[in-house]
$ cat structure_8.tsv   # TSV, C-alpha atoms
chain	number	residue	atom	x	y	z
H	250	MET	CA	-11.87	-18.12	15.34
H	251	ARG	CA	-13.56	-14.70	15.37
H	252	ILE	CA	-11.33	-11.75	14.44
H	253	LEU	CA	-12.12	-8.04	14.36
H	254	HIS	CA	-9.97	-5.74	12.24
H	255	ILE	CA	-10.14	-2.14	13.46
H	256	VAL	CA	-8.95	0.47	10.96
H	257	THR	CA	-8.98	4.26	11.13
H	258	GLY	CA	-10.94	4.62	7.86
H	259	LEU	CA	-11.85	2.66	4.76
H	260	ALA	CA	-11.38	5.13	1.96
H	261	SER	CA	-9.02	4.07	-0.82
H	262	GLY	CA	-5.44	3.82	0.45
H	263	GLY	CA	-2.56	1.37	0.59
H	264	ALA	CA	-3.22	0.02	4.08
H	265	GLU	CA	-6.95	-0.24	3.44
H	266	ARG	CA	-6.48	-2.06	0.14
H	267	GLN	CA	-3.94	-4.37	1.75
H	268	LEU	CA	-6.46	-5.28	4.44
H	269	GLN	CA	-9.08	-6.08	1.80
H	270	LEU	CA	-6.61	-8.28	-0.06
H	271	LEU	CA	-5.57	-10.15	3.08
H	272	LEU	CA	-9.16	-10.93	4.02
H	273	ARG	CA	-9.60	-12.75	0.71
H	274	HIS	CA	-6.78	-15.15	1.47
H	275	LEU	CA	-6.74	-15.84	5.24
H	276	PRO	CA	-7.48	-19.42	6.31
H	277	ALA	CA	-11.16	-20.37	6.16
H	278	HIS	CA	-11.44	-21.07	9.90
H	279	GLN	CA	-10.62	-17.43	10.66
H	280	HIS	CA	-13.85	-15.45	10.39
H	281	CYS	CA	-13.08	-11.74	10.06
H	282	GLU	CA	-15.17	-8.63	10.51
H	283	VAL	CA	-13.98	-5.04	10.02
H	284	LEU	CA	-14.71	-1.88	11.99
H	285	ALA	CA	-13.90	1.59	10.65
H	286	LEU	CA	-13.56	4.34	13.23
H	287	THR	CA	-14.54	6.87	10.57
H	288	ASN	CA	-14.94	7.39	6.81
H	289	PRO	CA	-16.26	4.02	5.54
H	290	GLY	CA	-15.54	4.74	1.88
H	291	ALA	CA	-14.79	2.76	-1.25
H	292	VAL	CA	-12.98	-0.09	0.49
H	293	ALA	CA	-15.88	-0.56	2.91
H	294	ALA	CA	-18.23	-0.90	-0.05
H	295	GLY	CA	-15.88	-3.40	-1.67
H	296	LEU	CA	-15.62	-5.48	1.50
H	297	ARG	CA	-19.38	-5.60	1.91
H	298	ALA	CA	-19.76	-6.67	-1.70
H	299	GLU	CA	-17.43	-9.57	-0.91
H	300	GLY	CA	-19.57	-10.64	2.06
H	301	VAL	CA	-17.47	-9.13	4.87
H	302	THR	CA	-19.36	-7.55	7.77
H	303	VAL	CA	-18.25	-3.92	8.13
H	304	HIS	CA	-19.09	-1.79	11.18
H	305	HIS	CA	-18.82	2.00	11.42
H	306	LEU	CA	-18.15	3.60	14.79
H	307	GLY	CA	-18.82	7.17	13.64
H	308	MET	CA	-15.83	8.66	15.48
H	309	ARG	CA	-15.69	12.46	15.12
H	310	GLY	CA	-11.91	12.99	15.36
H	311	ASN	CA	-8.67	12.04	17.08
H	312	ARG	CA	-9.84	13.50	20.41
H	313	ASP	CA	-13.30	11.96	20.43
H	314	VAL	CA	-12.57	10.00	23.61
H	315	GLY	CA	-16.27	9.25	24.01
H	316	ALA	CA	-15.81	6.78	21.20
H	317	LEU	CA	-13.61	4.55	23.38
H	318	PRO	CA	-16.36	3.09	25.61
H	319	ARG	CA	-18.58	2.60	22.55
H	320	LEU	CA	-15.78	0.75	20.82
H	321	ALA	CA	-15.09	-1.39	23.88
H	322	ARG	CA	-18.78	-2.33	24.09
H	323	GLN	CA	-18.82	-3.31	20.42
H	324	VAL	CA	-15.70	-5.47	20.83
H	325	ARG	CA	-17.17	-7.14	23.91
H	326	ALA	CA	-20.50	-7.79	22.18
H	327	GLY	CA	-18.76	-9.43	19.22
H	328	ARG	CA	-17.05	-12.01	21.44
H	329	TYR	CA	-13.90	-11.85	19.32
H	330	ASP	CA	-10.93	-14.12	19.91
H	331	LEU	CA	-8.47	-11.64	18.44
H	332	VAL	CA	-8.41	-7.94	17.52
H	333	HIS	CA	-6.11	-6.62	14.79
H	334	THR	CA	-5.66	-2.85	14.38
H	335	HIS	CA	-4.38	-0.88	11.39
H	336	LEU	CA	-3.08	2.73	11.31
H	337	TYR	CA	-2.21	5.10	14.14
H	338	ARG	CA	-5.59	6.21	15.50
H	339	ALA	CA	-7.02	2.69	15.29
H	340	GLY	CA	-3.91	1.43	17.09
H	341	LEU	CA	-4.47	3.80	20.01
H	342	TYR	CA	-8.20	3.31	20.44
H	343	GLY	CA	-8.43	-0.27	19.19
H	344	ARG	CA	-5.79	-1.79	21.44
H	345	THR	CA	-7.20	0.06	24.46
H	346	ALA	CA	-10.76	-1.01	23.69
H	347	ALA	CA	-9.70	-4.61	23.13
H	348	ARG	CA	-8.06	-4.76	26.55
H	349	LEU	CA	-11.08	-3.12	28.21
H	350	ALA	CA	-13.26	-5.74	26.52
H	351	GLY	CA	-11.08	-8.58	27.81
H	352	VAL	CA	-9.54	-9.69	24.51
H	353	ARG	CA	-6.10	-11.13	25.21
H	354	ALA	CA	-4.77	-11.52	21.66
H	355	VAL	CA	-4.28	-8.04	20.18
H	356	VAL	CA	-2.24	-7.42	17.02
H	357	ALA	CA	-1.39	-4.13	15.32
H	358	THR	CA	0.14	-3.72	11.86
H	359	GLU	CA	2.50	-0.81	11.39
H	360	HIS	CA	2.05	0.13	7.74
H	361	SER	CA	3.88	3.45	7.46
H	362	LEU	CA	6.54	4.33	10.01
H	363	HIS	CA	9.81	6.20	9.45
H	364	PRO	CA	12.22	7.43	12.15
H	365	GLY	CA	10.64	10.90	12.21
H	366	VAL	CA	7.39	10.38	10.32
H	367	ILE	CA	4.30	8.23	10.84
H	368	GLU	CA	1.70	8.01	8.09
H	369	GLY	CA	3.11	11.15	6.52
H	370	ARG	CA	3.00	13.26	9.70
H	371	PRO	CA	5.92	14.37	11.89
H	372	VAL	CA	6.49	12.32	15.04
H	373	THR	CA	6.27	14.60	18.07
H	374	ARG	CA	7.12	13.56	21.62
H	375	GLY	CA	3.40	13.25	22.37
H	376	VAL	CA	2.67	11.14	19.29
H	377	LYS	CA	5.53	8.78	20.11
H	378	GLY	CA	4.54	8.56	23.78
H	379	LEU	CA	0.94	7.65	22.95
H	380	TYR	CA	2.12	5.13	20.37
H	381	LEU	CA	4.40	3.35	22.84
H	382	ALA	CA	1.76	3.37	25.59
H	383	ALA	CA	-0.74	1.72	23.26
H	384	GLU	CA	1.86	-0.74	21.96
H	385	ARG	CA	2.29	-2.16	25.47
H	386	LEU	CA	-1.43	-3.03	25.49
H	387	GLY	CA	-1.03	-5.29	22.48
H	388	SER	CA	0.43	-8.76	22.03
H	389	THR	CA	2.39	-8.24	18.81
H	390	THR	CA	3.17	-5.48	16.34
H	391	VAL	CA	3.47	-6.57	12.73
H	392	ALA	CA	6.06	-4.65	10.69
H	393	VAL	CA	5.57	-4.67	6.92
H	394	SER	CA	9.31	-4.36	6.24
H	395	ARG	CA	12.64	-4.69	8.00
H	396	GLN	CA	12.94	-0.91	7.86
H	397	VAL	CA	9.74	-0.54	9.90
H	398	ALA	CA	10.91	-3.21	12.35
H	399	GLN	CA	14.21	-1.39	12.86
H	400	THR	CA	12.38	1.88	13.56
H	401	LEU	CA	10.18	0.15	16.12
H	402	HIS	CA	13.25	-1.29	17.82
H	403	ALA	CA	14.91	2.15	17.85
H	404	TRP	CA	11.79	3.53	19.55
H	405	GLY	CA	12.18	0.97	22.32
H	406	VAL	CA	9.74	-1.75	21.23
H	407	PRO	CA	11.35	-5.08	22.23
H	408	PRO	CA	12.28	-7.25	19.22
H	409	ALA	CA	10.33	-10.16	20.74
H	410	ARG	CA	7.12	-8.11	20.37
H	411	VAL	CA	7.66	-7.39	16.65
H	412	GLU	CA	6.77	-9.82	13.86
H	413	LEU	CA	7.97	-9.17	10.31
H	414	ILE	CA	5.17	-9.98	7.85
H	415	PRO	CA	5.42	-7.97	4.64
H	416	ASN	CA	2.67	-6.59	2.47
H	417	GLY	CA	1.61	-8.81	-0.38
H	418	ILE	CA	0.37	-8.62	-3.93
H	419	ASP	CA	-2.21	-10.78	-5.67
H	420	ALA	CA	0.29	-12.07	-8.20
H	421	ALA	CA	-2.32	-14.13	-10.07
H	422	ARG	CA	-4.28	-10.98	-11.05
H	423	TYR	CA	-1.31	-9.64	-13.01
H	424	ARG	CA	-0.99	-12.70	-15.26
H	425	HIS	CA	-2.51	-12.07	-18.70
H	426	PRO	CA	-2.26	-14.66	-21.49
H	427	PRO	CA	-0.60	-13.00	-24.52
H	428	ALA	CA	-3.78	-12.55	-26.58
H	429	ASP	CA	-5.75	-11.25	-23.61
H	430	ARG	CA	-2.94	-8.89	-22.66
H	431	ALA	CA	-2.76	-7.41	-26.14
H	432	ALA	CA	-6.52	-6.85	-26.23
H	433	THR	CA	-6.53	-5.36	-22.71
H	434	ARG	CA	-3.62	-3.07	-23.57
H	435	ALA	CA	-5.43	-1.75	-26.64
H	436	ARG	CA	-8.69	-1.24	-24.74
H	437	VAL	CA	-7.12	0.54	-21.76
H	438	ARG	CA	-4.98	2.78	-23.96
H	439	ALA	CA	-8.07	3.81	-25.90
H	440	GLU	CA	-10.00	4.49	-22.67
H	441	LEU	CA	-7.16	6.69	-21.38
H	442	GLY	CA	-6.93	8.59	-24.65
H	443	LEU	CA	-3.36	7.53	-25.34
H	444	PRO	CA	-2.38	8.09	-28.99
H	445	PRO	CA	-1.28	5.13	-31.12
H	446	GLY	CA	2.46	4.66	-30.89
H	447	SER	CA	2.82	6.63	-27.65
H	448	ARG	CA	5.40	5.51	-25.10
H	449	VAL	CA	3.81	5.38	-21.67
H	450	ILE	CA	5.37	5.90	-18.25
H	451	GLY	CA	3.26	5.04	-15.22
H	452	GLY	CA	3.23	5.97	-11.55
H	453	ILE	CA	1.07	4.41	-8.83
H	454	GLY	CA	0.17	5.97	-5.50
H	455	ARG	CA	-1.69	8.69	-3.67
H	456	LEU	CA	-1.15	12.15	-5.07
H	457	VAL	CA	0.69	13.50	-2.04
H	458	PRO	CA	4.02	15.37	-1.75
H	459	GLY	CA	5.90	12.33	-0.45
H	460	LYS	CA	5.37	10.43	-3.71
H	461	ARG	CA	7.37	13.11	-5.56
H	462	PHE	CA	5.42	12.76	-8.81
H	463	HIS	CA	6.61	16.24	-9.75
H	464	VAL	CA	9.94	14.58	-10.57
H	465	LEU	CA	8.21	12.52	-13.28
H	466	LEU	CA	6.55	15.60	-14.75
H	467	GLU	CA	9.88	17.39	-14.93
H	468	ALA	CA	11.41	14.29	-16.56
H	469	LEU	CA	8.51	14.09	-19.04
H	470	ALA	CA	9.28	17.60	-20.24
H	471	GLY	CA	12.71	16.40	-21.32
H	472	LEU	CA	11.48	13.36	-23.26
H	473	ASP	CA	10.32	12.84	-26.82
H	474	ALA	CA	6.85	14.19	-27.63
H	475	ALA	CA	5.59	10.60	-28.00
H	476	ALA	CA	6.08	10.02	-24.26
H	477	ARG	CA	3.04	10.12	-21.97
H	478	LEU	CA	2.72	9.93	-18.17
H	479	VAL	CA	-0.18	8.10	-16.50
H	480	LEU	CA	-0.61	8.58	-12.75
H	481	VAL	CA	-2.91	6.09	-11.01
H	482	GLY	CA	-4.22	7.43	-7.72
H	483	GLU	CA	-5.94	10.40	-6.15
H	484	GLY	CA	-5.04	12.93	-3.50
H	485	PRO	CA	-4.59	16.56	-2.49
H	486	GLU	CA	-1.61	17.17	-4.81
H	487	ARG	CA	-3.71	16.77	-7.96
H	488	PRO	CA	-4.27	20.53	-8.57
H	489	ALA	CA	-0.59	21.30	-7.98
H	490	LEU	CA	0.49	18.57	-10.40
H	491	GLU	CA	-1.92	19.87	-13.03
H	492	ARG	CA	-0.52	23.40	-12.64
H	493	LEU	CA	3.06	22.14	-12.86
H	494	ALA	CA	2.26	20.12	-15.99
H	495	ALA	CA	0.72	23.20	-17.62
H	496	GLY	CA	3.73	25.30	-16.67
H	497	LEU	CA	6.08	22.72	-18.16
H	498	GLY	CA	4.05	22.52	-21.35
H	499	VAL	CA	3.16	18.83	-20.89
H	500	ARG	CA	-0.44	19.00	-19.61
H	501	ASP	CA	-1.68	17.32	-22.79
H	502	ARG	CA	0.79	14.46	-22.18
H	503	LEU	CA	-0.34	13.81	-18.58
H	504	VAL	CA	-3.19	11.41	-17.80
H	505	LEU	CA	-4.57	11.46	-14.25
H	506	ALA	CA	-6.41	8.14	-14.06
H	507	GLY	CA	-7.70	8.65	-10.50
H	508	GLU	CA	-8.34	5.89	-7.97
H	509	ARG	CA	-8.90	2.62	-9.78
H	510	ASP	CA	-9.75	-0.97	-8.91
H	511	ASP	CA	-8.37	-2.37	-12.18
H	512	VAL	CA	-4.65	-1.64	-11.63
H	513	PRO	CA	-3.53	-4.98	-13.18
H	514	ASP	CA	-5.33	-4.06	-16.41
H	515	LEU	CA	-4.04	-0.47	-16.32
H	516	LEU	CA	-0.47	-1.71	-16.05
H	517	THR	CA	-0.77	-3.49	-19.41
H	518	ALA	CA	-1.03	-0.03	-21.03
H	519	LEU	CA	2.37	1.03	-19.67
H	520	ASP	CA	5.88	0.60	-21.04
H	521	VAL	CA	7.69	1.38	-17.78
H	522	LEU	CA	6.79	2.01	-14.15
H	523	ALA	CA	8.54	4.86	-12.32
H	524	ALA	CA	8.50	5.45	-8.56
H	525	PRO	CA	10.44	8.54	-7.42
H	526	SER	CA	9.27	8.46	-3.78
H	527	THR	CA	12.04	8.43	-1.18
H	528	GLU	CA	9.77	7.74	1.83
H	529	GLU	CA	8.47	4.22	1.23
H	530	THR	CA	8.10	1.69	4.03
H	531	PHE	CA	7.49	-1.16	1.58
H	532	GLY	CA	7.13	-0.14	-2.09
H	533	LEU	CA	3.94	-1.91	-3.18
H	534	GLY	CA	3.69	-0.06	-6.49
H	535	VAL	CA	7.14	-1.27	-7.49
H	536	LEU	CA	6.11	-4.87	-6.83
H	537	GLU	CA	2.93	-4.38	-8.87
H	538	GLY	CA	4.98	-3.13	-11.80
H	539	LEU	CA	7.27	-6.15	-11.59
H	540	ALA	CA	4.29	-8.51	-11.39
H	541	ALA	CA	2.96	-6.95	-14.60
H	542	GLY	CA	6.26	-7.62	-16.38
H	543	LEU	CA	7.38	-4.00	-16.61
H	544	PRO	CA	10.85	-2.52	-16.28
H	545	VAL	CA	10.89	-0.42	-13.11
H	546	ARG	CA	12.90	2.61	-12.07
H	547	HIS	CA	12.54	3.58	-8.41
H	548	SER	CA	14.17	5.65	-5.70
H	549	ALA	CA	13.13	3.66	-2.61
H	550	CYS	CA	11.76	0.15	-2.20
H	551	PRO	CA	12.47	-1.56	1.15
H	552	ALA	CA	10.73	-4.68	-0.17
H	553	LEU	CA	13.50	-5.15	-2.75
H	554	ASP	CA	16.28	-3.94	-0.46
H	555	GLU	CA	15.58	-6.95	1.76
H	556	LEU	CA	16.06	-9.48	-1.05
H	557	PRO	CA	19.17	-10.62	-2.96
H	558	PRO	CA	20.15	-8.42	-5.95
H	559	GLY	CA	18.99	-11.04	-8.46
H	560	ALA	CA	15.44	-11.07	-7.09
H	561	ALA	CA	14.33	-8.28	-9.44
H	562	PRO	CA	16.80	-7.74	-12.31
H	563	GLN	CA	14.41	-5.46	-14.24
H	564	ALA	CA	14.24	-2.96	-11.36
H	565	ARG	CA	16.91	-0.32	-10.92
H	566	ARG	CA	17.29	2.21	-8.14
H	567	ILE	CA	18.11	5.78	-9.22
H	568	PRO	CA	18.20	9.17	-7.45
H	569	SER	CA	14.88	10.98	-7.07
H	570	GLU	CA	15.92	13.77	-9.42
H	571	ALA	CA	14.45	14.88	-12.74
H	572	ALA	CA	17.76	14.50	-14.58
H	573	ALA	CA	18.22	10.91	-13.40
H	574	TYR	CA	14.69	9.93	-14.40
H	575	THR	CA	14.94	11.73	-17.74
H	576	ALA	CA	18.08	9.76	-18.62
H	577	ALA	CA	16.74	6.42	-17.36
H	578	LEU	CA	13.36	6.78	-19.06
H	579	ARG	CA	14.87	7.98	-22.33
H	580	GLU	CA	16.98	4.82	-22.40
H	581	LEU	CA	13.98	2.59	-21.73
H	582	LEU	CA	11.69	4.35	-24.20
H	583	ASP	CA	14.14	4.29	-27.11
H	584	LEU	CA	11.77	4.12	-30.08
H	585	ASP	CA	14.23	2.04	-32.11
H	586	ASP	CA	14.35	-0.78	-29.57
H	587	HIS	CA	10.85	-1.36	-28.28
H	588	THR	CA	8.74	-4.40	-27.50
H	589	THR	CA	5.37	-4.57	-25.80
H	590	ASP	CA	5.96	-8.11	-24.53
H	591	PRO	CA	6.10	-8.39	-20.72
H	592	LEU	CA	9.39	-9.21	-19.05
H	593	PRO	CA	9.73	-12.53	-17.18
H	594	ARG	CA	8.29	-12.46	-13.68
H	595	PRO	CA	11.15	-12.07	-11.17
H	596	PRO	CA	11.54	-14.09	-7.93
H	597	ALA	CA	10.59	-11.03	-5.85
H	598	VAL	CA	6.98	-11.33	-7.01
H	599	GLY	CA	6.65	-14.89	-5.74
H	600	HIS	CA	8.26	-13.92	-2.44
H	601	TYR	CA	5.57	-11.31	-1.82
H	602	ASP	CA	2.60	-13.27	-3.18
H	603	ILE	CA	-0.43	-12.57	-0.97
H	604	VAL	CA	-1.15	-16.30	-0.65
H	605	ARG	CA	2.15	-16.78	1.17
H	606	VAL	CA	1.80	-13.58	3.21
H	607	ALA	CA	-1.75	-14.39	4.34
H	608	ALA	CA	-0.67	-17.88	5.40
H	609	ASP	CA	2.05	-16.36	7.61
H	610	LEU	CA	-0.44	-13.94	9.19
H	611	GLY	CA	-2.97	-16.73	9.73
H	612	ALA	CA	-0.31	-18.79	11.48
H	613	LEU	CA	0.42	-15.82	13.77
H	614	TYR	CA	-3.27	-15.55	14.65
H	615	ASP	CA	-3.44	-19.24	15.53
H	616	ARG	CA	-0.31	-18.99	17.67
H	617	LEU	CA	-1.56	-15.97	19.61
H	618	ALA	CA	-5.01	-17.46	20.13
H	619	ARG	CA	-3.48	-20.58	21.69
H	620	ALA	CA	-1.19	-18.61	24.01
$ encode --input "structure_8.tsv" --output "structure tokens"
Amino acid sequence: MRILHIVTGLASGGAERQLQLLLRHLPAHQHCEVLALTNPGAVAAGLRAEGVTVHHLGMRGNRDVGALPRLARQVRAGRYDLVHTHLYRAGLYGRTAARLAGVRAVVATEHSLHPGVIEGRPVTRGVKGLYLAAERLGSTTVAVSRQVAQTLHAWGVPPARVELIPNGIDAARYRHPPADRAATRARVRAELGLPPGSRVIGGIGRLVPGKRFHVLLEALAGLDAAARLVLVGEGPERPALERLAAGLGVRDRLVLAGERDDVPDLLTALDVLAAPSTEETFGLGVLEGLAAGLPVRHSACPALDELPPGAAPQARRIPSEAAAYTAALRELLDLDDHTTDPLPRPPAVGHYDIVRVAADLGALYDRLARA
């Protein structure tokens, strides 16, 4: 089976990284290629290094309608059995091009949809209208969480056209034998410039307002001087976070690690993972922290909300406020009661293992191709 994944761009981001991870684990009989409408960045380079064919359409912007016939020609020339789109712009142009090219099986994954926000942008009447028009050109929309599925239903997408297949994590990458973990922890801490004996809080995600990392900086200012904050990710909020840290007097206790490919190793350097975002559609960073054996404090994680309470006993939901995080982190970082040993892996990690998730997606592909 020949499958083309069409994605808006391939710079580093959650949806892009999720696509890369899925392609490593889909069934062998499903041969996938990827097409980026624009910005073939770090993920494109990583996919090519792994042997995946990556195309670049060179689209100039959302209103570059001249790109549509070029995209349709490329889909037709590839003789694909199925097209799978990711992100809003790719969903509009990709589903249309697939239909123009005669592809019957067309899937779209909805990675980031809230009732009034899509991919961090407000949903206007025009945006919603275009989305729904394109949705009718597809076969199935994949929702990454029940929350996303409910929003799609509220918009008028029939439940029969929505398939719930969550994001996944490569659980095996987060397993470190004790000796290896200790050595990795020491190495990463040294690379990040973390002082011996420091207590380290971590946050994972793009540096954008919706992640609310300012809450962690404000909490850091109320913690013992041994506490450090490591943020893993990049984005437009970096200068504002640096200014806030300086104003709070904690700039020397903040480490901005940037975009990294070695997140499982980085997590060994942490003592706790904190996620103050209130606008998550899944909560991948929370799952990564749990897979690494860390205690987690979060303000929104639909992935955990959909599981029984015992699925992640080391994760606790708290308000996205500095006072709440200060209190919770102070309790966890109590210097008199500290161990660097990882916590047992909770059932939630196995539930969202990428091997299981990719098998479910592969089964969907086979079903749609036979229809």
$ atom_distance --input "structure_8.tsv" --atom1 "atom CA of Val356 of chain H" --atom2 "atom CA of Thr389 of chain H"
5.0 Å
$ residues_around --input "structure_8.tsv" --residues "Gly327 of chain H" --least-positions-apart "6" --cutoff "12 Å" --atoms "all atoms listed in the file" --output "PyMOL selection string"
chain H and resi 250-254+280-284+302+304+320-321+347+350-352
$ closest_atom_pairs --input "structure_8.tsv" --of "segment 450-535 of chain H" --to "segment 575-583 of chain H" --cutoff "12 Å" --atoms "all atoms listed in the file" --output "tab-separated table"
residue	atom	partner	partner_atom	distance
H:Ile450	CA	H:Leu578	CA	8.1
H:Gly451	CA	H:Leu578	CA	10.9
H:Val464	CA	H:Thr575	CA	9.2
H:Leu465	CA	H:Thr575	CA	8.1
H:Leu466	CA	H:Thr575	CA	9.7
H:Glu467	CA	H:Thr575	CA	8.1
H:Ala468	CA	H:Thr575	CA	4.5
H:Leu469	CA	H:Thr575	CA	7.0
H:Ala470	CA	H:Thr575	CA	8.5
H:Gly471	CA	H:Thr575	CA	6.3
H:Leu472	CA	H:Arg579	CA	6.4
H:Asp473	CA	H:Arg579	CA	8.0
H:Ala474	CA	H:Arg579	CA	11.4
H:Ala475	CA	H:Leu582	CA	9.5
H:Ala476	CA	H:Leu582	CA	8.0
H:Arg477	CA	H:Leu582	CA	10.6
H:Leu478	CA	H:Leu578	CA	11.1
H:Leu519	CA	H:Leu582	CA	10.9
H:Asp520	CA	H:Leu582	CA	7.6
H:Val521	CA	H:Leu581	CA	7.5
H:Leu522	CA	H:Leu578	CA	9.5
H:Ala523	CA	H:Leu578	CA	8.5
H:Ala524	CA	H:Leu578	CA	11.6
H:Pro525	CA	H:Thr575	CA	11.7
$ closest_residue --input "structure_8.tsv" --among "H:Thr530, H:Ser394, H:Thr358, H:Thr373" --to "Tyr337 of chain H" --atoms "all atoms listed in the file"
H:Thr358
$ closest_atom_pairs --input "structure_8.tsv" --of "segment 462-573 of chain H" --to "segment 410-416 of chain H" --cutoff "8 Å" --atoms "all atoms listed in the file" --output "Markdown table"
| residue | atom | partner | partner_atom | distance |
| --- | --- | --- | --- | --- |
| H:Phe531 | CA | H:Asn416 | CA | 7.3 |
| H:Leu533 | CA | H:Asn416 | CA | 7.4 |
| H:Ala552 | CA | H:Pro415 | CA | 7.9 |
$ closest_residue --input "structure_8.tsv" --among "H:Val301, H:Val256, H:Leu613, H:Val292" --to "Arg338 of chain H" --atoms "all atoms listed in the file"
H:Val256
$ atom_distance --input "structure_8.tsv" --atom1 "atom CA of Gly507 of chain H" --atom2 "atom CA of Arg438 of chain H"
14.9 Å
$ closest_residue --input "structure_8.tsv" --among "H:Tyr601, H:Tyr423, H:Phe462, H:Tyr614" --to "Ala571 of chain H" --atoms "all atoms listed in the file"
H:Phe462
$ closest_residue --input "structure_8.tsv" --among "H:Gln267, H:Gln399, H:Gln563, H:Thr433" --to "Arg546 of chain H" --atoms "all atoms listed in the file"
H:Gln563
$ closest_residue --input "structure_8.tsv" --among "H:Val314, H:Ile418, H:Leu401, H:Leu556" --to "Val606 of chain H" --atoms "all atoms listed in the file"
H:Ile418
$ residues_around --input "structure_8.tsv" --residues "Pro593 of chain H" --least-positions-apart "5" --cutoff "9 Å" --atoms "all atoms listed in the file" --output "PyMOL selection string"
chain H and resi 539-540+542-543+563
$ residues_around --input "structure_8.tsv" --residues "Ala383 of chain H" --least-positions-apart "3" --cutoff "8 Å" --atoms "all atoms listed in the file" --output "JSON, numbers by chain"
{"H": [340, 341, 344, 345, 379, 380, 386, 387]}
$ atom_distance --input "structure_8.tsv" --atom1 "atom CA of Val479 of chain H" --atom2 "atom CA of Pro445 of chain H"
15.0 Å
$ residues_around --input "structure_8.tsv" --residues "Asp510 of chain H" --least-positions-apart "3" --cutoff "12 Å" --atoms "only C-alpha atoms" --output "NGL selection string"
:H and (261-262 or 266 or 269-270 or 291-292 or 295 or 422 or 481-482 or 506-507 or 513-516)
$ closest_residue --input "structure_8.tsv" --among "H:Gly258, H:Gly310, H:Pro276, H:Pro544" --to "Arg605 of chain H" --atoms "all atoms listed in the file"
H:Pro276
$ residues_around --input "structure_8.tsv" --residues "Ala398 of chain H" --least-positions-apart "2" --cutoff "10 Å" --atoms "all atoms listed in the file" --output "list of chain:residue names"
H:Glu359, H:Leu362, H:His363, H:Thr390, H:Val391, H:Ala392, H:Val393, H:Ser394, H:Arg395, H:Gln396, H:Thr400, H:Leu401, H:His402, H:Ala403, H:Trp404, H:Val406, H:Pro408, H:Val411, H:Glu412, H:Leu413, H:Ile414
$ residues_near_point --input "structure_8.tsv" --point "(-18.8, 2.6, 17.5)" --cutoff "9 Å" --atoms "all atoms listed in the file" --output "PyMOL selection string"
chain H and resi 284-286+304-308+316-323
